[in-house]
Structure formats: C-alpha cells, structure tokens
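This report refers to the structure that appears directly beneath it.
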Amino acid sequence: MILVAGGSGRLGTLLVRRLVSRGAPVRVLTRSRARAAHLNHTLVEIVEGDVRVASDVQRAVDGAAVVVSAVHGFAGPGGVSPASVDRDGNRHLVDAAARTGATVILMSVVGAAADSPMELFRMKYAAEQHLRARGTPWTIVRSSAFLELWIALMSETMDRAGRVMVFGRGDNPINFVSVNDVAALVDRVIADSSARGQTVEIGGPENLTLTQLAAAIQSAGPAVAPRHIPRAALTAMSVILRPFWPERAREGAAAVALDTMDLRFDPSAIRARYPDQSLTPLSDVLARRVQVS
Ligand SMILES: NC(=O)c1ccc[n+]([C@@H]2O[C@H](COP(=O)([O-])OP(=O)(O)OC[C@H]3O[C@@H](n4cnc5c(N)ncnc54)[C@H](OP(=O)(O)O)[C@@H]3O)[C@@H](O)[C@H]2O)c1
C-alpha cells in the first residue's frame, strides 16, 4: 500500500494517477473526501484526516509500505502554515512511518535551508532533518517551482488589456519545472531502491524571469508590457498583514524572496542520474495547455 498525503493536490493527483495506472494499491490522506472527488474512489482508498493531528496520521499510515508526503501549508484552506504542515505535519508522517518501518518519500524544495529567507524553505528543511535522523528508509525529492502553477496564477491576473501581473521587478531568474516531470520522478524514486538515503533535486531546463514568463503567457494576445507590483508594496504587505492575514503576508514575503533570491537551478545532476527523465520546456507546457483547453 502506498499512502499519498496530499494526493488530492496538483502533484499528488498526477502521482496517484500514475500509481493507479501501474496497478499499485493507493491510499490518499485528505482533510475532506470532497477535496479528492476527482480521484477514482473505486481504485483509490480515501482516508480523511489532518497531518496536524498525530492520531489521524497514524491511522492513515498503518499498513502502508511507502508514505509519500506531497502536502504543504504555504497557502490553502484551514488556517494552515508552513510550521504546522510542512514541519509538524511532516514530523507526524515521519514518526508514524518510523513506527512501522515504512519508506518515506518527502517532497521538499530546491533551496531548503535552516537560514533561508523563506519560511516555507526553513520548515521543509526542518522536516528533511527530522526524516534523515529518524532511521526509517527515506528519499527526499526537492523540486523547483511548478511551471503549471505559476502559469495558472499569472493567467488569473490577466486584465482586459491582456496584461499579466508581475510581483516586483520580475528580472530575477527562477527555475521552473513541469509538475508532470516531478510526478514522474516521484513515481520513479518510489520504485528505485538506489535512491534510499538520498536527496534528489529536480528543476526544469530553463531559468526564467517572471517578466519572461508573463510575456510567454501573453504571447497569444497583443504585445503589451506586464503590470508590476512594486517590491516596496510587497514588503509592506508582508509586514502590515502579518497579524491578521498571515497567508497574504506570507505571499508578500515570498514575492519579495522570488524577486531577490538566487533561484536558478542546473539540471545536469538529475539528467546524469536519470538520463530518460523528462524535463519539459516552457513552450511545450504552454502548447499542451492550449491543446487541453
Ligand atoms: N507548487 C510548487 O511550486 C512546489 C515547488 C516545490 C515543491 N513543492 C511541493 O510539492 C508538494 C505538492 O505541492 P502542490 O503545489 O501540488 O500542492 P497543492 O496542489 O497546493 O496541494 C496541497 C496538498 O496538501 C494537502 N494538505 C494541506 N494541508 C493539509 C493538512 N493539514 N492535512 C492534510 N493534507 C493537507 C492538501 O490536501 P486536502 O486539501 O485535500 O486536505 C493538498 O492535497 C508539496 O509538498 C509542495 O511543498 C511544490
């Protein structure tokens, strides 16, 4: 049995479909059955529970040989936070897996570090460290930013003139990877015992600025410059909103980090490790999106 915590999410859904298609028994942990309604419930066992509640997690993990954590608390419903989900929720998953000797595949982020300016990156690192210390078999998959998520987020900001919103100056190169490619990698490391005890990093073939991404998204319409939210406004948002709207404050802080941190990635190590690993360029992801819509 493979438990996918976060199996209802963007990455988790793609992973669950892959696992089901190769006949693996799959269980999904979700806070609400309705959030996993798009999954085939005759082929996927659904367990309702919250990773912030240790007893929910133990119930979901019991009987699983592999536990995949594809959860995050950066945003989303239920008052989640990186501390409560990415650090403490993952701690619950790891501890429950360690009790039964299950293998843990932990989704993390490229750049996870104790001293990162991004809270999410610090909490992911804390989860990684807990997993490394716990002694149950493990693989950590660190990914750069999901291209499809950013295309969707930026497309939602498009105004009537076809202009996309860019947070900050938008001139900082950022690595983006197709979530399909990440799902393929997670599926692969579940089966690859040589990946145990290792941290595998995946990023896409291009480092792109948000301005370049905006231009690519806008390319179907008239050639117009994107709208920029000034960095000072994002900084103010991250400070002023913190006491009463922490999620929006986090987004402001993350936007500043995206505009300033070194978020480039060199995919040569993942290419060397798995030469047939797909790393889809932006143009192909956009073309696929047009075909689907
Ligand atoms: N998005 C990116 O750019 C990116 C980049 C690098 C790494 N990652 C990592 O990849 C993984 C998947 O990301 P994603 O963007 O695909 O996520 P997503 O679509 O936003 O889905 C988040 C998932 O987390 C689950 N979740 C959140 N809080 C939970 C809680 N308290 N208890 C149980 N489940 C909870 C949600 O389940 P329910 O709502 O059904 O309960 C949902 O399935 C995450 O670990 C993320 O950190 C993402």
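The way I read the labels, and the way they are meant: chains A, B, ... in the order of the structure tokens, residue 1 as the first residue of every chain, and ligand 1 as the first ligand shown, with later ones counted on from there.
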
For ligand 1, collect every residue having any atom at a distance of at most 7 Å from a ligand atom (counting only C-alpha atoms and all ligand atoms); output as a compact mmCIF listing (two decimals) with all heavy atoms, in the first residue's frame.
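Now in out_23.txt:
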# COMPACT_ATOMS: atom_id res chain seq x y z
N ALA A 5 -0.04 11.41 1.13
CA ALA A 5 -0.59 12.56 1.87
C ALA A 5 -0.46 13.76 0.94
O ALA A 5 0.65 14.04 0.46
CB ALA A 5 0.20 12.78 3.16
N GLY A 6 -1.59 14.41 0.65
CA GLY A 6 -1.56 15.45 -0.38
C GLY A 6 -1.90 14.89 -1.75
O GLY A 6 -1.64 15.53 -2.77
N GLY A 7 -2.48 13.69 -1.77
CA GLY A 7 -2.84 13.04 -3.04
C GLY A 7 -3.95 13.76 -3.79
O GLY A 7 -4.20 13.46 -4.96
N SER A 8 -4.60 14.72 -3.13
CA SER A 8 -5.66 15.49 -3.81
C SER A 8 -5.10 16.73 -4.51
O SER A 8 -5.83 17.40 -5.24
CB SER A 8 -6.69 15.94 -2.78
OG SER A 8 -6.05 16.74 -1.79
N GLY A 9 -3.84 17.07 -4.27
CA GLY A 9 -3.26 18.31 -4.79
C GLY A 9 -2.77 18.18 -6.23
O GLY A 9 -2.96 17.15 -6.89
N ARG A 10 -2.12 19.25 -6.70
CA ARG A 10 -1.66 19.31 -8.09
C ARG A 10 -0.68 18.18 -8.40
O ARG A 10 -0.87 17.40 -9.34
CB ARG A 10 -0.98 20.68 -8.30
CG ARG A 10 -0.66 21.03 -9.71
CD ARG A 10 -0.08 22.44 -9.77
NE ARG A 10 -1.08 23.46 -9.58
CZ ARG A 10 -1.78 24.04 -10.57
NH1 ARG A 10 -1.53 23.72 -11.82
NH2 ARG A 10 -2.67 24.95 -10.31
N LEU A 11 0.36 18.07 -7.61
CA LEU A 11 1.35 17.00 -7.82
C LEU A 11 0.75 15.65 -7.43
O LEU A 11 0.89 14.66 -8.15
CB LEU A 11 2.60 17.27 -6.97
CG LEU A 11 3.62 16.13 -6.96
CD1 LEU A 11 4.28 15.97 -8.31
CD2 LEU A 11 4.68 16.36 -5.88
N GLY A 12 0.09 15.63 -6.24
CA GLY A 12 -0.42 14.36 -5.71
C GLY A 12 -1.38 13.69 -6.68
O GLY A 12 -1.32 12.47 -6.87
N LEU A 29 -4.51 10.51 1.85
CA LEU A 29 -4.91 11.25 3.06
C LEU A 29 -5.31 12.65 2.65
O LEU A 29 -4.51 13.38 2.03
CB LEU A 29 -3.74 11.31 4.06
CG LEU A 29 -3.97 12.19 5.30
CD1 LEU A 29 -5.11 11.66 6.16
CD2 LEU A 29 -2.69 12.28 6.13
N THR A 30 -6.54 13.01 2.96
CA THR A 30 -7.06 14.35 2.65
C THR A 30 -7.90 14.83 3.82
O THR A 30 -8.45 14.01 4.56
CB THR A 30 -7.94 14.33 1.36
OG1 THR A 30 -8.62 15.59 1.23
CG2 THR A 30 -9.00 13.24 1.40
N ARG A 31 -8.02 16.15 3.98
CA ARG A 31 -8.84 16.65 5.08
C ARG A 31 -10.32 16.45 4.80
O ARG A 31 -11.13 16.47 5.71
CB ARG A 31 -8.54 18.13 5.32
CG ARG A 31 -7.23 18.34 6.05
CD ARG A 31 -6.79 19.77 5.96
NE ARG A 31 -6.46 20.13 4.59
CZ ARG A 31 -6.19 21.36 4.18
NH1 ARG A 31 -6.24 22.34 5.04
NH2 ARG A 31 -5.87 21.59 2.92
N SER A 32 -10.67 16.29 3.53
CA SER A 32 -12.08 16.12 3.19
C SER A 32 -12.21 15.29 1.93
O SER A 32 -11.57 15.59 0.91
CB SER A 32 -12.70 17.50 3.00
OG SER A 32 -13.75 17.44 2.09
N ARG A 35 -12.54 16.94 -1.34
CA ARG A 35 -11.37 17.54 -2.00
C ARG A 35 -10.65 16.52 -2.88
O ARG A 35 -9.79 16.88 -3.68
CB ARG A 35 -10.43 18.13 -0.95
CG ARG A 35 -11.07 19.31 -0.21
CD ARG A 35 -10.17 19.85 0.85
NE ARG A 35 -8.96 20.45 0.30
CZ ARG A 35 -8.92 21.63 -0.31
NH1 ARG A 35 -10.01 22.33 -0.44
NH2 ARG A 35 -7.79 22.09 -0.77
N ALA A 36 -11.00 15.24 -2.68
CA ALA A 36 -10.39 14.18 -3.51
C ALA A 36 -11.43 13.58 -4.45
O ALA A 36 -11.24 12.49 -4.98
CB ALA A 36 -9.80 13.11 -2.61
N GLY A 49 -8.38 12.97 7.17
CA GLY A 49 -7.57 13.30 8.33
C GLY A 49 -6.70 14.50 8.04
O GLY A 49 -6.60 14.96 6.89
N ASP A 50 -6.09 15.01 9.10
CA ASP A 50 -5.29 16.22 9.01
C ASP A 50 -3.87 15.89 9.47
O ASP A 50 -3.71 15.29 10.56
CB ASP A 50 -5.93 17.29 9.94
CG ASP A 50 -5.38 18.68 9.71
OD1 ASP A 50 -4.15 18.82 9.65
OD2 ASP A 50 -6.20 19.61 9.59
N VAL A 51 -2.87 16.26 8.69
CA VAL A 51 -1.49 15.91 9.09
C VAL A 51 -1.08 16.61 10.38
O VAL A 51 -0.10 16.22 11.02
CB VAL A 51 -0.44 16.21 7.99
CG1 VAL A 51 -0.62 15.31 6.78
CG2 VAL A 51 -0.41 17.68 7.60
N ARG A 52 -1.84 17.65 10.79
CA ARG A 52 -1.52 18.34 12.05
C ARG A 52 -1.97 17.54 13.26
O ARG A 52 -1.63 17.89 14.39
CB ARG A 52 -2.15 19.74 12.05
CG ARG A 52 -1.54 20.66 10.99
CD ARG A 52 -2.34 21.94 10.84
NE ARG A 52 -3.65 21.70 10.24
CZ ARG A 52 -4.52 22.65 9.95
NH1 ARG A 52 -4.21 23.91 10.18
NH2 ARG A 52 -5.69 22.36 9.40
N SER A 69 4.88 12.19 1.14
CA SER A 69 4.36 13.46 1.63
C SER A 69 4.39 14.49 0.51
O SER A 69 5.46 14.95 0.11
CB SER A 69 5.16 14.01 2.81
OG SER A 69 4.72 15.35 3.05
N ALA A 70 3.20 14.82 -0.01
CA ALA A 70 3.07 15.88 -1.02
C ALA A 70 2.18 16.98 -0.47
O ALA A 70 1.39 17.59 -1.20
CB ALA A 70 2.50 15.31 -2.32
N VAL A 71 2.27 17.22 0.84
CA VAL A 71 1.47 18.28 1.46
C VAL A 71 2.31 19.56 1.56
O VAL A 71 3.53 19.53 1.53
CB VAL A 71 1.02 17.90 2.90
CG1 VAL A 71 0.08 16.71 2.88
CG2 VAL A 71 2.21 17.62 3.81
N HIS A 72 1.63 20.69 1.68
CA HIS A 72 2.29 21.92 2.11
C HIS A 72 1.28 22.82 2.77
O HIS A 72 0.06 22.70 2.52
CB HIS A 72 3.00 22.65 0.96
CG HIS A 72 2.06 23.31 0.01
ND1 HIS A 72 1.50 24.54 0.28
CD2 HIS A 72 1.57 22.92 -1.17
CE1 HIS A 72 0.70 24.87 -0.71
NE2 HIS A 72 0.72 23.90 -1.61
N GLY A 73 1.76 23.73 3.61
CA GLY A 73 0.89 24.65 4.32
C GLY A 73 1.20 26.09 3.98
O GLY A 73 0.94 26.99 4.78
N GLY A 76 -3.79 27.88 1.26
CA GLY A 76 -4.88 26.90 1.22
C GLY A 76 -5.78 27.04 2.43
O GLY A 76 -5.49 27.80 3.36
N VAL A 80 -3.82 26.74 7.60
CA VAL A 80 -2.55 26.02 7.58
C VAL A 80 -1.38 27.01 7.57
O VAL A 80 -1.55 28.18 7.27
CB VAL A 80 -2.45 25.10 6.33
CG1 VAL A 80 -3.42 23.95 6.43
CG2 VAL A 80 -2.65 25.89 5.04
N VAL A 85 2.17 22.50 8.98
CA VAL A 85 2.04 21.41 8.00
C VAL A 85 3.40 20.89 7.54
O VAL A 85 3.71 19.71 7.68
CB VAL A 85 1.18 21.86 6.78
CG1 VAL A 85 1.17 20.79 5.70
CG2 VAL A 85 -0.24 22.18 7.24
N GLY A 89 3.44 18.65 10.56
CA GLY A 89 2.67 17.60 9.88
C GLY A 89 3.60 16.54 9.30
O GLY A 89 3.34 15.34 9.42
N MET A 107 8.41 15.30 -0.23
CA MET A 107 8.53 16.39 -1.19
C MET A 107 9.04 17.63 -0.49
O MET A 107 8.47 18.10 0.49
CB MET A 107 7.15 16.73 -1.79
CG MET A 107 6.78 15.96 -3.03
SD MET A 107 8.04 15.89 -4.30
CE MET A 107 8.27 17.62 -4.72
N SER A 108 10.14 18.16 -1.02
CA SER A 108 10.71 19.38 -0.46
C SER A 108 11.01 20.36 -1.60
O SER A 108 10.52 20.17 -2.72
CB SER A 108 11.98 19.02 0.34
OG SER A 108 12.48 20.17 0.99
N VAL A 109 11.76 21.38 -1.29
CA VAL A 109 12.01 22.44 -2.27
C VAL A 109 13.51 22.61 -2.50
O VAL A 109 14.30 22.51 -1.56
CB VAL A 109 11.41 23.79 -1.78
CG1 VAL A 109 9.90 23.76 -1.82
CG2 VAL A 109 11.88 24.13 -0.38
N VAL A 110 13.89 22.88 -3.74
CA VAL A 110 15.28 23.24 -4.03
C VAL A 110 15.57 24.52 -3.24
O VAL A 110 14.79 25.48 -3.32
CB VAL A 110 15.49 23.47 -5.55
CG1 VAL A 110 16.84 24.12 -5.81
CG2 VAL A 110 15.36 22.17 -6.33
N ARG A 142 13.58 17.17 -3.89
CA ARG A 142 13.50 18.64 -3.86
C ARG A 142 13.19 19.13 -5.27
O ARG A 142 13.88 18.75 -6.21
CB ARG A 142 14.83 19.24 -3.42
CG ARG A 142 15.14 19.09 -1.95
CD ARG A 142 16.48 19.75 -1.70
NE ARG A 142 16.78 19.89 -0.29
CZ ARG A 142 17.87 20.49 0.16
NH1 ARG A 142 18.75 21.00 -0.68
NH2 ARG A 142 18.08 20.59 1.46
N SER A 143 12.19 19.99 -5.36
CA SER A 143 11.79 20.49 -6.68
C SER A 143 11.90 22.01 -6.71
O SER A 143 11.75 22.68 -5.68
CB SER A 143 10.34 20.05 -6.94
OG SER A 143 9.83 20.73 -8.07
N SER A 144 12.11 22.53 -7.92
CA SER A 144 11.97 23.98 -8.11
C SER A 144 10.48 24.28 -8.31
O SER A 144 9.63 23.41 -8.10
CB SER A 144 12.84 24.45 -9.29
OG SER A 144 12.38 23.87 -10.49
N ALA A 145 10.15 25.51 -8.67
CA ALA A 145 8.74 25.95 -8.73
C ALA A 145 7.99 25.25 -9.86
O ALA A 145 8.54 25.07 -10.96
CB ALA A 145 8.69 27.46 -8.93
N PHE A 146 6.73 24.88 -9.59
CA PHE A 146 5.94 24.19 -10.60
C PHE A 146 5.46 25.19 -11.66
O PHE A 146 4.73 26.15 -11.36
CB PHE A 146 4.71 23.51 -9.98
CG PHE A 146 5.01 22.39 -9.01
CD1 PHE A 146 4.00 21.82 -8.24
CD2 PHE A 146 6.30 21.87 -8.87
CE1 PHE A 146 4.26 20.79 -7.34
CE2 PHE A 146 6.57 20.84 -7.98
CZ PHE A 146 5.55 20.30 -7.21
N LEU A 149 1.60 25.72 -12.06
CA LEU A 149 1.01 26.55 -11.00
C LEU A 149 1.21 28.02 -11.32
O LEU A 149 0.28 28.83 -11.24
CB LEU A 149 1.64 26.20 -9.65
CG LEU A 149 1.25 27.13 -8.51
CD1 LEU A 149 -0.21 26.94 -8.12
CD2 LEU A 149 2.14 26.92 -7.29

* List the neighbours of A:Leu234 out to 9 Å using only C-alpha atoms; skip same-chain residues closer than 2 positions along the sequence, and give me the result as a list in words. =>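 Once the nearby chain positions are removed, what remains is Phe167, Gly168, Ile229, Pro230, Arg231, Ala232, Ala236, Met237, Ser238, Val239, Ala249, Glu251, Gly252, Ala253, Ala254, Ala255 and Val256 of chain A.
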
* Among stretch 15-169 of chain A, which residues carry a DSSP assignment of helix (DSSP H, G or I), reported as JSON, numbers by chain? -> {"A": [15, 16, 17, 18, 19, 20, 21, 33, 34, 35, 36, 54, 55, 56, 57, 58, 59, 60, 61, 82, 83, 84, 85, 86, 87, 88, 89, 90, 91, 92, 93, 94, 95, 96, 97, 98, 99, 100, 119, 120, 121, 122, 123, 124, 125, 126, 127, 128, 129, 130, 131, 132, 133, 134, 147, 148, 149, 150, 151, 152, 153, 154, 155, 156]}

* Write out as a PyMOL selection string which residues come within 10 Å of stretch 210-226 of chain A when counting only C-alpha atoms, dropping same-chain ones fewer than 2 positions away. => chain A and resi 147+150-152+154-155+158-159+161-174+176+207-208+228-229+258-259+282-283+286

* Tell me, in Å to one decimal, how far atom CA of A:Ile140 is from atom CA of A:Leu19. =>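 Pair atom CA of A:Ile140 / atom CA of A:Leu19 returns 18.3 Å.
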
* Would you please extract all strand (DSSP E or B) residues from stretch 98-288 of chain A, as assigned by DSSP on the backbone, and give them as a PyMOL selection string? => chain A and resi 103-109+138-143+145-146+165-167+174-177+198-202+206-208+227-229+263

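The shortest atom-to-atom distance to A:Gly78, with only C-alpha atoms taken into account, belongs to A:Glu247 out of A:Pro267, A:Glu247, A:Asp284, A:Arg33.
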
* Among the residues A:Trp138, A:Arg271, A:Pro82, A:Val67, the one that comes closest to A:Ser194 [using only C-alpha atoms] ->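 Between A:Trp138, A:Arg271, A:Pro82, A:Val67, the residue approaching A:Ser194 most closely is A:Trp138.
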
* Which residue, A:Ala126, A:Leu14, A:Val177, A:Leu263, has the smallest gap to A:Ala113 when you use only C-alpha atoms? ->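 Under the stated criterion, the closest residue is A:Ala126.
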
* Which neighbours of A:Pro281 fall inside 9 Å, counting only C-alpha atoms, when residues of the same chain fewer than 6 positions from it are skipped, and could you give them as a ChimeraX atom specification? -> /A:177-178,204-206

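The closest residue to A:Val182, picked from A:Ala24, A:Leu3, A:Leu120, A:Val200 and counting only C-alpha atoms, is A:Val200.
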
* For atom CA of A:Pro246 and atom CA of A:Tyr125, the interatomic separation in Å (one decimal) ->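 Separation of atom CA of A:Pro246 and atom CA of A:Tyr125: 20.8 Å.
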
* **Atom-to-atom span, atom CA of A:Val94 and atom CA of A:Ala65, Å** =>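 Between these atoms lies a distance of 12.5 Å.
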
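With distances restricted to only C-alpha atoms, A:Val16 is the closest residue to A:Leu39 from A:Met1, A:Met261, A:Val16, A:Ala114.
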
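Using only C-alpha atoms for every distance, the candidate list A:Glu48, A:Asp56, A:Asp62, A:Glu128 yields A:Glu128 as the residue closest to A:Thr199.
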